[in-house]
>>> print(open('final_26.txt').read())   # compact mmCIF, C-alpha atoms and all ligand atoms
# COMPACT_ATOMS: atom_id res chain seq x y z
CA MET A 2 -3.66 56.85 33.19
CA THR A 3 -3.39 59.48 30.51
CA ASN A 4 -5.33 59.09 27.29
CA LYS A 5 -2.30 57.99 25.35
CA PHE A 6 -2.61 54.55 26.92
CA THR A 7 -5.47 52.25 26.00
CA ILE A 8 -6.37 48.72 27.07
CA LYS A 9 -7.92 46.46 24.44
CA ARG A 10 -8.52 42.78 23.86
CA ILE A 11 -6.31 41.40 21.11
CA ASN A 12 -8.77 39.88 18.66
CA ARG A 13 -6.77 39.83 15.46
CA PHE A 14 -3.41 38.26 14.72
CA SER A 15 -0.56 40.50 13.58
CA LYS A 16 3.17 39.98 13.41
CA LYS A 17 3.63 43.24 15.29
CA ALA A 18 1.46 42.04 18.18
CA LEU A 19 3.38 38.75 18.28
CA GLU A 20 6.68 40.62 18.38
CA ASP A 21 5.56 43.04 21.11
CA LEU A 22 4.08 40.24 23.24
CA ASN A 23 7.20 38.12 22.89
CA ASN A 24 9.29 41.08 23.99
CA LEU A 25 7.10 41.37 27.10
CA LEU A 26 7.25 37.62 27.79
CA LEU A 27 11.00 37.89 28.03
CA GLN A 28 10.48 40.43 30.80
CA ILE A 29 8.33 38.11 32.90
CA SER A 30 10.72 35.24 33.01
CA THR A 31 14.21 34.58 31.92
CA SER A 32 13.17 31.11 30.71
CA GLY A 33 12.98 32.77 27.32
CA TYR A 34 9.54 31.39 26.38
CA GLN A 35 8.37 32.83 23.09
CA MET A 36 5.03 32.29 21.35
CA ASP A 37 4.93 31.26 17.73
CA SER A 38 2.22 32.55 15.43
CA THR A 39 0.17 29.33 15.73
CA ARG A 40 0.02 29.70 19.50
CA LEU A 41 -1.01 33.35 19.36
CA LYS A 42 -3.71 32.59 16.79
CA LYS A 43 -5.10 29.82 19.02
CA VAL A 44 -5.13 32.08 22.06
CA ILE A 45 -6.95 34.79 20.13
CA LYS A 46 -9.49 32.28 18.78
CA ASN A 47 -10.33 30.90 22.21
CA LYS A 48 -13.41 32.79 23.33
CA ASN A 49 -12.73 32.08 27.01
CA THR A 50 -9.23 33.53 26.90
CA TYR A 51 -9.13 37.31 27.12
CA LEU A 52 -5.69 38.35 25.98
CA MET A 53 -5.49 42.04 26.86
CA ALA A 54 -2.94 44.55 25.69
CA LEU A 55 -2.00 47.96 26.99
CA TYR A 56 -1.17 50.14 24.00
CA GLU A 57 0.80 53.29 23.64
CA GLY A 58 -0.25 54.23 20.12
CA GLU A 59 0.26 51.06 18.10
CA LYS A 60 2.81 49.56 20.45
CA ILE A 61 1.88 47.00 23.11
CA ILE A 62 3.61 47.98 26.33
CA GLY A 63 1.79 45.70 28.74
CA THR A 64 -0.30 42.59 28.78
CA ILE A 65 -2.53 40.52 31.03
CA THR A 66 -4.68 37.47 30.33
CA LEU A 67 -7.98 36.48 31.92
CA VAL A 68 -9.11 32.89 31.40
CA SER A 69 -12.76 32.18 32.14
CA VAL A 70 -13.57 28.65 33.31
CA PHE A 71 -16.95 27.20 34.30
CA GLN A 72 -16.54 24.67 37.05
CA ILE A 73 -18.80 22.59 39.27
CA ARG A 74 -18.69 25.06 42.13
CA ASP A 75 -18.30 28.38 40.43
CA HIS A 76 -17.33 30.46 37.44
CA LYS A 77 -13.68 31.15 37.93
CA GLY A 78 -11.24 33.55 36.29
CA TYR A 79 -7.54 32.84 36.15
CA VAL A 80 -5.21 35.82 35.75
CA GLU A 81 -2.04 35.01 33.85
CA ASN A 82 0.97 36.54 32.13
CA PHE A 83 0.84 40.01 33.66
CA VAL A 84 3.65 42.35 32.73
CA ILE A 85 4.34 46.01 32.03
CA ASP A 86 7.30 46.93 29.85
CA GLU A 87 10.22 47.82 32.10
CA ASN A 88 10.43 51.33 30.61
CA TYR A 89 6.87 52.09 31.74
CA ARG A 90 6.80 50.65 35.26
CA GLY A 91 5.96 52.68 38.37
CA ARG A 92 3.37 54.79 36.51
CA LYS A 93 0.29 53.01 37.88
CA LEU A 94 -0.28 51.22 34.60
CA GLY A 95 -0.07 47.80 36.29
CA ARG A 96 -2.69 48.89 38.80
CA LYS A 97 -4.90 50.05 35.93
CA MET A 98 -4.57 46.70 34.17
CA ILE A 99 -5.55 44.68 37.23
CA SER A 100 -8.51 47.00 37.85
CA TYR A 101 -9.54 46.67 34.22
CA ILE A 102 -9.40 42.88 34.30
CA THR A 103 -11.37 42.83 37.57
CA GLU A 104 -14.13 44.94 36.03
CA LEU A 105 -14.11 42.76 32.91
CA ALA A 106 -14.41 39.66 35.10
CA LYS A 107 -17.41 41.16 36.91
CA ARG A 108 -19.04 42.05 33.58
CA ILE A 109 -18.82 38.47 32.34
CA LYS A 110 -20.13 37.20 35.69
CA ILE A 111 -16.96 35.58 36.95
CA GLU A 112 -17.42 34.87 40.65
CA LYS A 113 -13.85 34.43 41.77
CA LEU A 114 -10.44 35.43 40.47
CA GLU A 115 -7.33 33.38 41.06
CA LEU A 116 -3.69 34.01 40.30
CA LYS A 117 -0.31 32.65 41.25
CA SER A 118 2.76 34.70 41.94
CA GLU A 119 6.18 33.74 43.17
CA SER A 120 7.26 35.51 46.37
CA HIS A 121 10.27 37.19 44.75
CA ARG A 122 7.87 39.29 42.67
CA VAL A 123 7.70 41.98 45.32
CA VAL A 124 5.87 44.71 43.39
CA ALA A 125 3.31 42.30 41.95
CA ASN A 126 2.58 40.76 45.35
CA MET A 127 2.15 44.18 46.96
CA LEU A 128 -0.15 45.26 44.18
CA TYR A 129 -2.38 42.17 44.40
CA LYS A 130 -2.82 42.63 48.14
CA LYS A 131 -3.53 46.36 47.78
CA LEU A 132 -6.21 45.60 45.21
CA GLY A 133 -8.00 43.11 47.42
CA PHE A 134 -6.54 39.70 46.59
CA ASN A 135 -6.10 37.40 49.59
CA VAL A 136 -3.14 35.09 50.01
CA VAL A 137 -4.43 31.52 49.93
CA SER A 138 -2.19 28.86 51.28
CA ALA A 139 -2.17 25.79 49.08
CA ASN A 140 0.18 23.30 47.56
CA VAL A 141 0.54 24.03 43.89
CA TYR A 142 1.29 21.02 41.72
CA ASP A 143 1.97 20.68 38.05
CA MET A 144 2.89 17.94 35.63
CA LYS A 145 4.38 18.41 32.21
CA LEU A 146 2.52 16.31 29.62
C1 LIG B 1 4.10 43.82 38.50
C2 LIG B 1 4.11 44.90 37.42
C3 LIG B 1 3.19 44.47 36.26
C4 LIG B 1 3.57 46.19 38.07
O1 LIG B 1 3.46 47.17 37.06
P1 LIG B 1 3.68 48.74 37.33
O2 LIG B 1 3.00 49.47 36.24
O3 LIG B 1 5.10 49.03 37.55
O4 LIG B 1 2.88 48.92 38.70
P2 LIG B 1 2.23 50.26 39.24
O5 LIG B 1 2.98 51.45 38.77
O6 LIG B 1 0.76 50.21 38.95
O7 LIG B 1 2.50 50.10 40.79
C5 LIG B 1 1.84 49.18 41.54
C6 LIG B 1 2.07 49.46 43.01
O8 LIG B 1 3.37 49.02 43.39
C7 LIG B 1 4.15 50.09 43.89
N1 LIG B 1 5.43 50.03 43.21
C8 LIG B 1 5.66 50.19 41.90
N2 LIG B 1 6.96 50.02 41.63
C9 LIG B 1 7.56 49.76 42.81
C10 LIG B 1 8.89 49.48 43.21
N3 LIG B 1 9.87 49.43 42.31
N4 LIG B 1 9.14 49.25 44.53
C11 LIG B 1 8.14 49.30 45.42
N5 LIG B 1 6.86 49.54 45.10
C12 LIG B 1 6.58 49.77 43.83
C13 LIG B 1 3.45 51.36 43.56
O9 LIG B 1 3.59 52.27 44.62
C14 LIG B 1 2.03 50.93 43.33
O10 LIG B 1 1.24 51.06 44.46
P3 LIG B 1 0.24 52.33 44.56
O11 LIG B 1 -0.56 52.35 43.29
O12 LIG B 1 -0.58 52.06 45.76
O13 LIG B 1 1.12 53.52 44.70
C15 LIG B 1 5.53 45.18 36.88
O14 LIG B 1 6.37 45.47 37.96
C16 LIG B 1 6.12 44.03 36.09
O15 LIG B 1 5.85 43.88 34.90
N6 LIG B 1 6.94 43.19 36.75
C17 LIG B 1 7.63 42.05 36.09
C18 LIG B 1 6.67 40.92 35.73
C19 LIG B 1 5.90 40.43 36.94
O16 LIG B 1 6.42 40.28 38.04
N7 LIG B 1 4.62 40.13 36.69
C20 LIG B 1 3.74 39.59 37.70
C21 LIG B 1 3.70 38.12 37.53
S1 LIG B 1 2.76 37.34 38.82
>>> encode(input="final_26.txt", output="structure tokens", more="lines below")
Ligand SMILES: CC(C)(COP(=O)(O)OP(=O)(O)OC[C@H]1O[C@@H](n2cnc3c(N)ncnc32)[C@H](O)[C@@H]1OP(=O)(O)O)[C@@H](O)C(=O)NCCC(=O)NCCS
Amino acid sequence: MTNKFTIKRINRFSKKALEDLNNLLLQISTSGYQMDSTRLKKVIKNKNTYLMALYEGEKIIGTITLVSVFQIRDHKGYVENFVIDENYRGRKLGRKMISYITELAKRIKIEKLELKSESHRVVANMLYKKLGFNVVSANVYDMKL
């Protein structure tokens, strides 16, 4: 990664950050989910949610979130909302972001990382395996409340 790219935790709300992140969210899923400012402020305020941004100058061109959760068995980290702007893909920036978040997780004493990825996300799935994630077979359930 050249020096023009930096990875930082987003710890202050700005309209620009909201706009850049929403642009990236549209590139993860076509569902069209967009954060409003209240949501972003809550995410930033939550000390166990590490919302990370990859910057080129002032512009956010990638994001990844690490959520730290203390549980009965272990201290777990959930990796969520990982995306690199489509104009910057294939330049090893995604690899850098996963490595960064893994080091961050180690620093805060997370014992195990978990993430979910649909099988059609070919590049993401290859990358996770290359970086040491194991495929765990499990039924994933959810319930909208
Ligand atoms: C997944 C994603 C973040 C990867 O970001 P990226 O910056 O393009 O990835 P990298 O350049 O670091 O490449 C990662 C690996 O995949 C390989 N790769 C990259 N683009 C590829 C492509 N189009 N086809 C095949 N392999 C590819 C690279 O060779 C690299 O492996 P290497 O480092 O051993 O050479 C990006 O593709 C993306 O945002 N996808 C859409 C959102 C998404 O699927 N997110 C994951 C949700 S679970």
>>> residues_near_ligand(input="final_26.txt", ligand="ligand LIG 1 (chain B)", cutoff="6 Å", atoms="all atoms listed in the file", output="list in words")
Ile29, Phe83, Val84, Ile85, Arg90, Gly91, Arg92, Lys93, Leu94, Gly95, Arg96, Ser118, Arg122, Val124, Ala125 and Leu128 of chain A
>>> atom_distance(input="final_26.txt", atom1="atom CA of Gly58 of chain A", atom2="atom CA of Lys17 of chain A")
12.6 Å
>>> residues_around(input="final_26.txt", residues="Val137 of chain A", least_positions_apart="4", cutoff="12 Å", atoms="only C-alpha atoms", output="short mmCIF file (atom, residue, chain, number, x, y, z; two decimals) with C-alpha atoms, in the coordinates of the input")
data_model
loop_
_atom_site.label_atom_id
_atom_site.label_comp_id
_atom_site.auth_asym_id
_atom_site.auth_seq_id
_atom_site.Cartn_x
_atom_site.Cartn_y
_atom_site.Cartn_z
CA LEU A 114 -10.44 35.43 40.47
CA GLU A 115 -7.33 33.38 41.06
CA LEU A 116 -3.69 34.01 40.30
CA LYS A 117 -0.31 32.65 41.25
CA SER A 118 2.76 34.70 41.94
CA LYS A 130 -2.82 42.63 48.14
CA VAL A 141 0.54 24.03 43.89
#
>>> residues_around(input="final_26.txt", residues="segment 42-48 of chain A", least_positions_apart="3", cutoff="8 Å", atoms="all atoms listed in the file", output="PyMOL selection string")
chain A and resi 11-14+38-39+51-52
>>> residues_around(input="final_26.txt", residues="Arg10 of chain A", least_positions_apart="6", cutoff="10 Å", atoms="all atoms listed in the file", output="number ranges by chain")
A: 45, 50-55, 64-66
>>> closest_residue(input="final_26.txt", among="A:Lys77, A:His121, A:Lys60, A:Lys131", to="Ile99 of chain A", atoms="all atoms listed in the file")
A:Lys131
>>> closest_residue(input="final_26.txt", among="A:Tyr89, A:Asp37, A:Leu105, A:Ile111", to="Arg74 of chain A", atoms="all atoms listed in the file")
A:Ile111
>>> closest_residue(input="final_26.txt", among="A:Ile73, A:Glu20, A:Leu67, A:Glu119", to="Tyr101 of chain A", atoms="only C-alpha atoms")
A:Leu67
>>> atom_distance(input="final_26.txt", atom1="atom CA of Tyr56 of chain A", atom2="atom CA of Lys9 of chain A")
7.7 Å
>>> atom_distance(input="final_26.txt", atom1="atom CA of Met144 of chain A", atom2="atom CA of Val80 of chain A")
19.6 Å
>>> closest_residue(input="final_26.txt", among="A:Ile102, A:Val123, A:Leu132, A:Leu41", to="Asp21 of chain A", atoms="all atoms listed in the file")
A:Leu41
>>> closest_residue(input="final_26.txt", among="A:Asn82, A:Ser30, A:Asn88, A:Asn49", to="Ile109 of chain A", atoms="all atoms listed in the file")
A:Asn49
>>> decode(input="final_26.txt", residues="segment 32-61 of chain A", atoms="N, CA, C and O atoms", output="compact mmCIF listing (two decimals), in the first residue's frame")
# COMPACT_ATOMS: atom_id res chain seq x y z
N SER A 32 -29.39 -3.91 -2.20
CA SER A 32 -30.61 -3.65 -1.41
C SER A 32 -30.80 -2.14 -1.21
O SER A 32 -31.90 -1.69 -0.90
N GLY A 33 -29.71 -1.40 -1.37
CA GLY A 33 -29.83 0.05 -1.31
C GLY A 33 -29.83 0.60 0.10
O GLY A 33 -30.23 1.74 0.32
N TYR A 34 -29.37 -0.21 1.09
CA TYR A 34 -29.37 0.29 2.47
C TYR A 34 -28.47 1.52 2.59
O TYR A 34 -27.34 1.53 2.11
N GLN A 35 -29.00 2.52 3.24
CA GLN A 35 -28.24 3.75 3.48
C GLN A 35 -28.37 4.13 4.95
O GLN A 35 -29.46 4.05 5.52
N MET A 36 -27.26 4.53 5.55
CA MET A 36 -27.31 4.99 6.95
C MET A 36 -27.85 6.40 6.99
O MET A 36 -27.59 7.19 6.08
N ASP A 37 -28.56 6.73 8.08
CA ASP A 37 -28.85 8.15 8.30
C ASP A 37 -27.85 8.65 9.35
O ASP A 37 -27.08 7.87 9.92
N SER A 38 -27.88 9.96 9.60
CA SER A 38 -26.84 10.50 10.48
C SER A 38 -26.97 9.96 11.90
O SER A 38 -25.96 9.74 12.57
N THR A 39 -28.20 9.68 12.34
CA THR A 39 -28.38 9.14 13.70
C THR A 39 -27.68 7.80 13.83
O THR A 39 -26.99 7.51 14.80
N ARG A 40 -27.85 6.95 12.81
CA ARG A 40 -27.23 5.63 12.85
C ARG A 40 -25.71 5.75 12.90
O ARG A 40 -25.05 5.12 13.70
N LEU A 41 -25.16 6.59 12.02
CA LEU A 41 -23.69 6.72 12.00
C LEU A 41 -23.17 7.24 13.34
O LEU A 41 -22.17 6.75 13.86
N LYS A 42 -23.88 8.20 13.91
CA LYS A 42 -23.44 8.75 15.20
C LYS A 42 -23.45 7.66 16.27
O LYS A 42 -22.56 7.58 17.11
N LYS A 43 -24.48 6.82 16.25
CA LYS A 43 -24.56 5.72 17.24
C LYS A 43 -23.42 4.73 17.06
O LYS A 43 -22.84 4.26 18.02
N VAL A 44 -23.14 4.41 15.82
CA VAL A 44 -22.05 3.45 15.53
C VAL A 44 -20.73 4.02 16.06
O VAL A 44 -19.95 3.33 16.72
N ILE A 45 -20.50 5.30 15.78
CA ILE A 45 -19.25 5.94 16.19
C ILE A 45 -19.14 5.96 17.71
O ILE A 45 -18.07 5.76 18.28
N LYS A 46 -20.27 6.19 18.38
CA LYS A 46 -20.28 6.31 19.84
C LYS A 46 -20.06 4.97 20.55
O LYS A 46 -19.59 4.93 21.69
N ASN A 47 -20.40 3.89 19.87
CA ASN A 47 -20.30 2.57 20.50
C ASN A 47 -18.83 2.16 20.60
O ASN A 47 -18.17 1.92 19.60
N LYS A 48 -18.34 2.05 21.83
CA LYS A 48 -16.90 1.80 21.97
C LYS A 48 -16.49 0.40 21.51
O LYS A 48 -15.32 0.14 21.26
N ASN A 49 -17.42 -0.51 21.40
CA ASN A 49 -17.08 -1.86 20.95
C ASN A 49 -17.21 -2.05 19.44
O ASN A 49 -17.00 -3.15 18.92
N THR A 50 -17.59 -1.00 18.75
CA THR A 50 -17.72 -1.07 17.30
C THR A 50 -16.62 -0.22 16.66
O THR A 50 -16.59 1.00 16.84
N TYR A 51 -15.73 -0.90 15.97
CA TYR A 51 -14.59 -0.19 15.34
C TYR A 51 -14.91 -0.02 13.87
O TYR A 51 -14.73 -0.93 13.06
N LEU A 52 -15.42 1.14 13.55
CA LEU A 52 -15.76 1.46 12.16
C LEU A 52 -14.51 2.05 11.52
O LEU A 52 -14.09 3.16 11.85
N MET A 53 -13.90 1.28 10.61
CA MET A 53 -12.62 1.68 10.03
C MET A 53 -12.83 2.19 8.61
O MET A 53 -13.68 1.67 7.87
N ALA A 54 -12.01 3.18 8.26
CA ALA A 54 -12.11 3.72 6.90
C ALA A 54 -10.73 3.71 6.26
O ALA A 54 -9.72 3.96 6.92
N LEU A 55 -10.72 3.40 4.99
CA LEU A 55 -9.50 3.52 4.18
C LEU A 55 -9.63 4.84 3.43
O LEU A 55 -10.60 5.04 2.68
N TYR A 56 -8.69 5.73 3.67
CA TYR A 56 -8.74 7.06 3.07
C TYR A 56 -7.73 7.21 1.94
O TYR A 56 -6.59 6.75 2.06
N GLU A 57 -8.17 7.87 0.90
CA GLU A 57 -7.22 8.46 -0.05
C GLU A 57 -7.40 9.95 0.12
O GLU A 57 -8.44 10.50 -0.25
N GLY A 58 -6.43 10.59 0.76
CA GLY A 58 -6.63 12.00 1.14
C GLY A 58 -7.78 12.08 2.12
O GLY A 58 -7.80 11.39 3.13
N GLU A 59 -8.77 12.88 1.78
CA GLU A 59 -9.93 13.07 2.67
C GLU A 59 -11.06 12.11 2.32
O GLU A 59 -12.05 12.04 3.04
N LYS A 60 -10.91 11.42 1.21
CA LYS A 60 -12.02 10.60 0.72
C LYS A 60 -11.93 9.16 1.25
O LYS A 60 -10.86 8.55 1.22
N ILE A 61 -13.07 8.65 1.71
CA ILE A 61 -13.12 7.26 2.18
C ILE A 61 -13.36 6.36 0.96
O ILE A 61 -14.38 6.49 0.28
